[in-house]
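Q: For reference, the file protein-v8.cif (mmCIF, C-alpha atoms) is included below:
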```cif
data_input
loop_
_atom_site.group_PDB
_atom_site.id
_atom_site.type_symbol
_atom_site.label_atom_id
_atom_site.label_comp_id
_atom_site.auth_asym_id
_atom_site.auth_seq_id
_atom_site.Cartn_x
_atom_site.Cartn_y
_atom_site.Cartn_z
ATOM 1 C CA MET A 4 -131.262 52.955 66.658
ATOM 2 C CA ASN A 5 -128.115 51.966 68.499
ATOM 3 C CA THR A 6 -128.903 48.482 69.785
ATOM 4 C CA GLY A 7 -125.402 47.208 70.591
ATOM 5 C CA ALA A 8 -124.587 45.759 73.986
ATOM 6 C CA GLN A 9 -122.355 48.750 74.747
ATOM 7 C CA MET A 10 -123.944 52.164 74.297
ATOM 8 C CA LEU A 11 -121.962 54.347 71.929
ATOM 9 C CA THR A 12 -120.863 57.753 73.159
ATOM 10 C CA LEU A 13 -120.266 60.902 71.120
ATOM 11 C CA ALA A 14 -117.818 63.107 73.038
ATOM 12 C CA LEU A 15 -117.494 66.613 71.599
ATOM 13 C CA ASP A 16 -115.027 69.405 72.094
ATOM 14 C CA VAL A 17 -116.699 72.821 72.272
ATOM 15 C CA ASP A 18 -114.641 75.662 70.794
ATOM 16 C CA GLY A 19 -113.916 74.926 67.151
ATOM 17 C CA VAL A 20 -116.300 71.947 67.027
ATOM 18 C CA LEU A 21 -119.663 73.064 68.431
ATOM 19 C CA LEU A 22 -118.944 76.801 68.609
ATOM 20 C CA ASP A 23 -117.250 79.008 66.025
ATOM 21 C CA PRO A 24 -114.367 81.017 67.573
ATOM 22 C CA ASP A 25 -114.609 83.478 64.667
ATOM 23 C CA ARG A 26 -118.324 83.959 65.468
ATOM 24 C CA ASN A 27 -119.440 83.632 61.855
ATOM 25 C CA GLY A 28 -117.076 86.378 60.703
ATOM 26 C CA ASP A 29 -117.487 88.755 63.652
ATOM 27 C CA GLY A 30 -114.070 87.870 65.056
ATOM 28 C CA HIS A 31 -112.896 86.946 68.523
ATOM 29 C CA TRP A 32 -115.318 87.447 71.430
ATOM 30 C CA THR A 33 -113.018 90.080 72.944
ATOM 31 C CA ASN A 34 -114.113 92.387 70.125
ATOM 32 C CA GLU A 35 -117.394 92.648 72.006
ATOM 33 C CA LEU A 36 -115.575 93.247 75.288
ATOM 34 C CA THR A 37 -113.693 96.133 73.702
ATOM 35 C CA ALA A 38 -116.848 97.591 72.153
ATOM 36 C CA ARG A 39 -118.807 97.463 75.427
ATOM 37 C CA PHE A 40 -116.191 98.243 78.052
ATOM 38 C CA GLY A 41 -113.068 99.473 76.288
ATOM 39 C CA ILE A 42 -110.985 96.520 77.497
ATOM 40 C CA GLU A 43 -108.526 95.515 74.787
ATOM 41 C CA ARG A 44 -107.758 91.900 73.969
ATOM 42 C CA ALA A 45 -104.026 92.412 74.599
ATOM 43 C CA GLN A 46 -104.751 93.857 78.050
ATOM 44 C CA LEU A 47 -106.870 90.884 79.069
ATOM 45 C CA ARG A 48 -104.375 88.433 77.618
ATOM 46 C CA GLU A 49 -101.473 89.868 79.617
ATOM 47 C CA ALA A 50 -103.333 90.486 82.873
ATOM 48 C CA PHE A 51 -105.467 87.327 82.925
ATOM 49 C CA PHE A 52 -104.762 84.609 80.385
ATOM 50 C CA MET A 53 -100.962 84.781 80.588
ATOM 51 C CA ASN A 54 -101.022 85.313 84.344
ATOM 52 C CA SER A 55 -103.432 82.847 85.913
ATOM 53 C CA TRP A 56 -105.357 80.999 83.208
ATOM 54 C CA ASP A 57 -103.477 77.730 83.697
ATOM 55 C CA ASP A 58 -104.607 77.598 87.317
ATOM 56 C CA VAL A 59 -108.169 78.500 86.366
ATOM 57 C CA ILE A 60 -108.579 76.035 83.502
ATOM 58 C CA ASN A 61 -107.174 73.209 85.630
ATOM 59 C CA GLY A 62 -109.467 73.958 88.563
ATOM 60 C CA ARG A 63 -106.854 75.272 90.983
ATOM 61 C CA ARG A 64 -108.333 78.799 91.166
ATOM 62 C CA THR A 65 -111.757 80.256 90.508
ATOM 63 C CA VAL A 66 -112.297 82.395 87.454
ATOM 64 C CA GLU A 67 -113.988 85.025 89.607
ATOM 65 C CA ASP A 68 -110.950 85.590 91.825
ATOM 66 C CA SER A 69 -108.413 85.496 89.013
ATOM 67 C CA LEU A 70 -110.418 87.693 86.666
ATOM 68 C CA GLY A 71 -111.116 90.181 89.463
ATOM 69 C CA GLU A 72 -107.386 90.541 90.072
ATOM 70 C CA ALA A 73 -106.788 90.979 86.339
ATOM 71 C CA LEU A 74 -109.399 93.691 86.005
ATOM 72 C CA ALA A 75 -107.790 95.529 88.902
ATOM 73 C CA ARG A 76 -104.427 95.336 87.118
ATOM 74 C CA ILE A 77 -105.979 96.724 83.957
ATOM 75 C CA GLY A 78 -107.471 99.566 85.973
ATOM 76 C CA THR A 79 -111.057 99.195 84.793
ATOM 77 C CA THR A 80 -114.117 99.661 86.985
ATOM 78 C CA VAL A 81 -116.043 96.979 85.093
ATOM 79 C CA ASP A 82 -117.096 94.184 87.445
ATOM 80 C CA VAL A 83 -116.298 90.507 87.063
ATOM 81 C CA GLU A 84 -119.861 89.372 86.429
ATOM 82 C CA SER A 85 -120.313 91.862 83.585
ATOM 83 C CA VAL A 86 -117.154 90.595 81.902
ATOM 84 C CA LEU A 87 -118.150 86.948 82.349
ATOM 85 C CA SER A 88 -121.605 87.622 80.938
ATOM 86 C CA CYS A 89 -120.120 89.428 77.936
ATOM 87 C CA TRP A 90 -117.578 86.667 77.393
ATOM 88 C CA PHE A 91 -119.970 83.733 77.581
ATOM 89 C CA ASP A 92 -122.740 85.309 75.504
ATOM 90 C CA ALA A 93 -120.467 86.814 72.842
ATOM 91 C CA ASP A 94 -118.531 83.549 72.518
ATOM 92 C CA TYR A 95 -121.671 81.467 71.964
ATOM 93 C CA ALA A 96 -121.794 81.072 68.169
ATOM 94 C CA PRO A 97 -123.197 77.635 67.313
ATOM 95 C CA ILE A 98 -121.932 75.629 64.355
ATOM 96 C CA GLU A 99 -125.294 74.275 63.306
ATOM 97 C CA GLU A 100 -123.948 71.324 61.319
ATOM 98 C CA THR A 101 -122.323 69.921 64.462
ATOM 99 C CA PHE A 102 -125.429 70.552 66.555
ATOM 100 C CA ASP A 103 -127.397 68.610 63.930
ATOM 101 C CA LEU A 104 -124.886 65.754 64.123
ATOM 102 C CA ALA A 105 -125.180 65.657 67.911
ATOM 103 C CA ARG A 106 -128.972 65.580 67.735
ATOM 104 C CA ARG A 107 -128.828 62.766 65.178
ATOM 105 C CA ALA A 108 -126.535 60.801 67.476
ATOM 106 C CA ALA A 109 -128.825 61.291 70.466
ATOM 107 C CA GLY A 110 -131.830 60.337 68.382
ATOM 108 C CA ALA A 111 -130.087 57.109 67.367
ATOM 109 C CA GLY A 112 -129.572 56.122 70.999
ATOM 110 C CA CYS A 113 -126.026 57.376 71.570
ATOM 111 C CA ARG A 114 -125.195 59.333 74.665
ATOM 112 C CA VAL A 115 -123.754 62.761 73.928
ATOM 113 C CA VAL A 116 -121.248 64.434 76.241
ATOM 114 C CA LEU A 117 -118.918 67.407 76.120
ATOM 115 C CA ALA A 118 -115.197 66.770 76.677
ATOM 116 C CA THR A 119 -113.666 70.196 76.950
ATOM 117 C CA ASN A 120 -110.971 72.403 78.434
ATOM 118 C CA GLN A 121 -113.134 74.751 80.527
ATOM 119 C CA GLU A 122 -113.277 76.349 83.943
ATOM 120 C CA HIS A 123 -116.325 75.682 86.084
ATOM 121 C CA ARG A 124 -118.420 78.765 85.330
ATOM 122 C CA ARG A 125 -118.299 78.520 81.557
ATOM 123 C CA ALA A 126 -118.725 74.739 81.726
ATOM 124 C CA THR A 127 -121.982 75.261 83.616
ATOM 125 C CA TYR A 128 -123.079 77.923 81.135
ATOM 126 C CA LEU A 129 -122.296 75.662 78.172
ATOM 127 C CA HIS A 130 -124.135 72.741 79.720
ATOM 128 C CA ARG A 131 -127.224 74.913 80.017
ATOM 129 C CA ARG A 132 -127.042 76.584 76.596
ATOM 130 C CA ILE A 133 -125.928 73.614 74.519
ATOM 131 C CA GLY A 134 -128.090 71.265 76.575
ATOM 132 C CA ALA A 135 -131.150 73.288 75.595
ATOM 133 C CA ALA A 136 -130.496 72.363 71.954
ATOM 134 C CA VAL A 137 -128.883 68.916 72.274
ATOM 135 C CA PRO A 138 -129.661 66.133 74.785
ATOM 136 C CA LEU A 139 -126.440 66.144 76.826
ATOM 137 C CA GLU A 140 -125.719 63.511 79.434
ATOM 138 C CA ARG A 141 -122.857 65.390 81.068
ATOM 139 C CA VAL A 142 -119.955 67.805 80.684
ATOM 140 C CA ILE A 143 -116.450 66.545 81.405
ATOM 141 C CA CYS A 144 -114.231 69.602 81.823
ATOM 142 C CA SER A 145 -110.583 70.155 82.665
ATOM 143 C CA ALA A 146 -111.401 72.113 85.827
ATOM 144 C CA ASP A 147 -113.164 69.040 87.221
ATOM 145 C CA VAL A 148 -110.566 66.560 85.993
ATOM 146 C CA GLY A 149 -107.583 68.662 87.079
ATOM 147 C CA CYS A 150 -105.760 68.539 83.741
ATOM 148 C CA GLN A 151 -106.335 69.353 80.093
ATOM 149 C CA LYS A 152 -106.805 67.165 77.045
ATOM 150 C CA HIS A 153 -103.146 67.183 76.023
ATOM 151 C CA ASP A 154 -102.590 65.080 79.162
ATOM 152 C CA PRO A 155 -103.532 61.364 78.990
ATOM 153 C CA ARG A 156 -104.916 61.635 82.526
ATOM 154 C CA PHE A 157 -107.840 63.636 81.140
ATOM 155 C CA PHE A 158 -109.053 60.667 79.109
ATOM 156 C CA GLU A 159 -108.286 58.167 81.852
ATOM 157 C CA THR A 160 -110.458 60.163 84.273
ATOM 158 C CA ALA A 161 -113.107 60.835 81.629
ATOM 159 C CA SER A 162 -113.351 57.103 80.957
ATOM 160 C CA ASP A 163 -113.954 56.545 84.661
ATOM 161 C CA HIS A 164 -116.636 59.253 84.688
ATOM 162 C CA LEU A 165 -118.339 57.492 81.774
ATOM 163 C CA GLY A 166 -118.177 54.143 83.570
ATOM 164 C CA LEU A 167 -116.001 52.527 80.916
ATOM 165 C CA SER A 168 -113.601 49.685 81.489
ATOM 166 C CA ALA A 169 -110.429 49.561 79.392
ATOM 167 C CA ASP A 170 -112.007 47.265 76.797
ATOM 168 C CA GLN A 171 -115.103 49.489 76.468
ATOM 169 C CA ARG A 172 -113.294 52.684 75.520
ATOM 170 C CA THR A 173 -113.669 52.082 71.791
ATOM 171 C CA SER A 174 -117.379 52.774 72.286
ATOM 172 C CA VAL A 175 -116.477 56.489 72.484
ATOM 173 C CA VAL A 176 -116.144 58.618 69.353
ATOM 174 C CA PHE A 177 -114.355 61.826 70.314
ATOM 175 C CA VAL A 178 -114.138 64.947 68.135
ATOM 176 C CA ASP A 179 -111.600 67.751 68.606
ATOM 177 C CA ASP A 180 -110.131 70.453 66.379
ATOM 178 C CA VAL A 181 -106.661 70.043 67.936
ATOM 179 C CA MET A 182 -104.799 67.105 66.405
ATOM 180 C CA HIS A 183 -102.650 66.502 69.491
ATOM 181 C CA ASN A 184 -105.782 66.020 71.609
ATOM 182 C CA VAL A 185 -107.062 63.537 69.028
ATOM 183 C CA ASP A 186 -103.790 61.607 69.219
ATOM 184 C CA VAL A 187 -103.867 61.516 73.040
ATOM 185 C CA ALA A 188 -107.479 60.308 73.012
ATOM 186 C CA ARG A 189 -106.575 57.518 70.595
ATOM 187 C CA SER A 190 -103.615 56.474 72.739
ATOM 188 C CA SER A 191 -106.059 56.246 75.661
ATOM 189 C CA GLY A 192 -108.330 53.826 73.797
ATOM 190 C CA TRP A 193 -110.972 56.206 72.443
ATOM 191 C CA ARG A 194 -111.810 56.425 68.786
ATOM 192 C CA ALA A 195 -111.201 59.999 67.719
ATOM 193 C CA VAL A 196 -111.747 62.271 64.739
ATOM 194 C CA HIS A 197 -109.967 65.508 63.880
ATOM 195 C CA ALA A 198 -112.456 68.302 63.135
ATOM 196 C CA SER A 199 -110.419 69.749 60.296
ATOM 197 C CA ALA A 200 -111.862 72.666 58.335
ATOM 198 C CA GLY A 201 -112.936 71.735 54.834
ATOM 199 C CA GLN A 202 -112.883 67.993 55.527
ATOM 200 C CA PRO A 203 -115.958 65.692 55.696
ATOM 201 C CA TRP A 204 -115.316 64.773 59.303
ATOM 202 C CA ARG A 205 -118.980 64.879 60.328
ATOM 203 C CA GLN A 206 -119.785 62.114 57.880
ATOM 204 C CA GLU A 207 -116.849 60.142 59.253
ATOM 205 C CA VAL A 208 -118.302 60.505 62.753
ATOM 206 C CA ALA A 209 -121.771 59.534 61.517
ATOM 207 C CA ASP A 210 -120.357 56.394 59.912
ATOM 208 C CA MET A 211 -118.414 55.463 63.051
ATOM 209 C CA LEU A 212 -121.618 55.775 65.075
ATOM 210 C CA ALA A 213 -123.609 53.934 62.385
ATOM 211 C CA LEU A 214 -126.131 56.774 62.209
ATOM 212 C CA PRO A 215 -128.950 56.356 59.698
ATOM 213 C CA ARG A 216 -128.615 58.535 56.625
#
```
Would you put the structure from the file into structure tokens?
A:
Amino acid sequence: MNTGAQMLTLALDVDGVLLDPDRNGDGHWTNELTARFGIERAQLREAFFMNSWDDVINGRRTVEDSLGEALARIGTTVDVESVLSCWFDADYAPIEETFDLARRAAGAGCRVVLATNQEHRRATYLHRRIGAAVPLERVICSADVGCQKHDPRFFETASDHLGLSADQRTSVVFVDDVMHNVDVARSSGWRAVHASAGQPWRQEVADMLALPR
């Protein structure tokens, strides 16, 4: 049990850490979009992700409005809610080893949060789905913060959301599969681990949180 004066926090990225972008060998989630609705990945990338995603992921536009405009450009009659449902469900491929780590951390008295680049709708979805399997205290997402994790302001704001003073930030152990995000988190005072494929990073996290074996 974590009995230190300052509660330890496990802050997890989502895609590449908790969820498998390759969906256990089934490939990118847009494969499902193509199979169901005939919308190709390249079409969605050009009409949506290259066009307005930066505004969406940073909370300046809603995903519904931007995606609706993109679908109109593509020329499909598929509605926004059907695409969002396909996206969120198809993209939900848990990496069980990380879920187990998160549950161990929660069971040892650590608070577990998500620190993720997400727009509001998927952030809410992930809070519900992941929170059903892991005790989550909160989701800190780029759309709420107004910037992404490559920007030091993300971790400054996240520290405020977690109620941490500057000298308490080392109580956070952050995990991300993007090394630059790990470096920015460290420069902001968080302890951080790179979720590198083939490396024993989960054990490193467990040791940093002093989890019982």
Q: Can you translate the PyMOL selection byres ((chain A and resi 164-170) around 12) into the concrete residues it hits in this file, as a PyMOL selection string?
A: chain A and resi 9-14+114-118+140-144+147-148+157-163+171-175+190-193
Q: Smallest atom-to-atom distance to A:Gly71: which of A:Ala50, A:Val185, A:Cys89, A:Leu214, using all atoms listed in the file?
A: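 Closest to A:Gly71, using all atoms listed in the file: A:Ala50.
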Q: Within 12 Å of stretch 119-136 of chain A, which residues of stretch 76-101 of chain A come that close, and what is the closest atom pair and distance in Å for each? Count only C-alpha atoms and give it as a tab-separated table.
A:
```
residue	atom	partner	partner_atom	distance
A:Glu84	CA	A:Arg124	CA	10.8
A:Leu87	CA	A:Arg125	CA	8.5
A:Ser88	CA	A:Arg125	CA	9.7
A:Cys89	CA	A:Arg125	CA	11.6
A:Trp90	CA	A:Arg125	CA	9.2
A:Phe91	CA	A:Arg125	CA	6.8
A:Asp92	CA	A:Tyr128	CA	9.3
A:Asp94	CA	A:Arg125	CA	10.3
A:Tyr95	CA	A:Leu129	CA	8.5
A:Ala96	CA	A:Ile133	CA	10.6
A:Pro97	CA	A:Ile133	CA	8.7
A:Ile98	CA	A:Ile133	CA	11.1
A:Glu99	CA	A:Ala136	CA	10.3
A:Thr101	CA	A:Ile133	CA	11.3
```
Q: Please give the centre and size of the box around stretch 89-108 of chain A (axis-aligned, containing every atom listed in the file, 8 Å added per side), with values in Å to one decimal and written as AutoDock Vina command-line options.
A:
```
--center_x -123.3 --center_y 75.1 --center_z 69.6 --size_x 27.4 --size_y 44.6 --size_z 32.6
```
Q: Please measure the separation of atom CA of A:His31 and atom CA of A:Glu100, giving the value in Å to one decimal.
A: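 Atom-to-atom, atom CA of A:His31 and atom CA of A:Glu100 are spaced 20.4 Å apart.
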Q: Skipping near chain neighbours, those fewer than 5 positions away, what residues fall within 10 Å of A:Gly78 using all atoms listed in the file, listed as a PyMOL selection string?
A: chain A and resi 42+72-73
Q: Distance cut-off 6 Å, centre (-108.3, 69.6, 88.4) in file coordinates, counting only C-alpha atoms: which residues qualify? Return them as a list of chain:residue names.
A: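 Here the neighbourhood of the point contains A:Asn61, A:Gly62, A:Ala146, A:Asp147, A:Val148, A:Gly149, A:Cys150.
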Q: Go through A:Cys113, A:Arg189, A:Trp204, A:Ser69 one by one, measure the shortest atom-to-atom distance of each to A:Trp56 using all atoms listed in the file, and give the residue with the smallest value.
A: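 Ranking A:Cys113, A:Arg189, A:Trp204, A:Ser69 by distance to A:Trp56, first place goes to A:Ser69.
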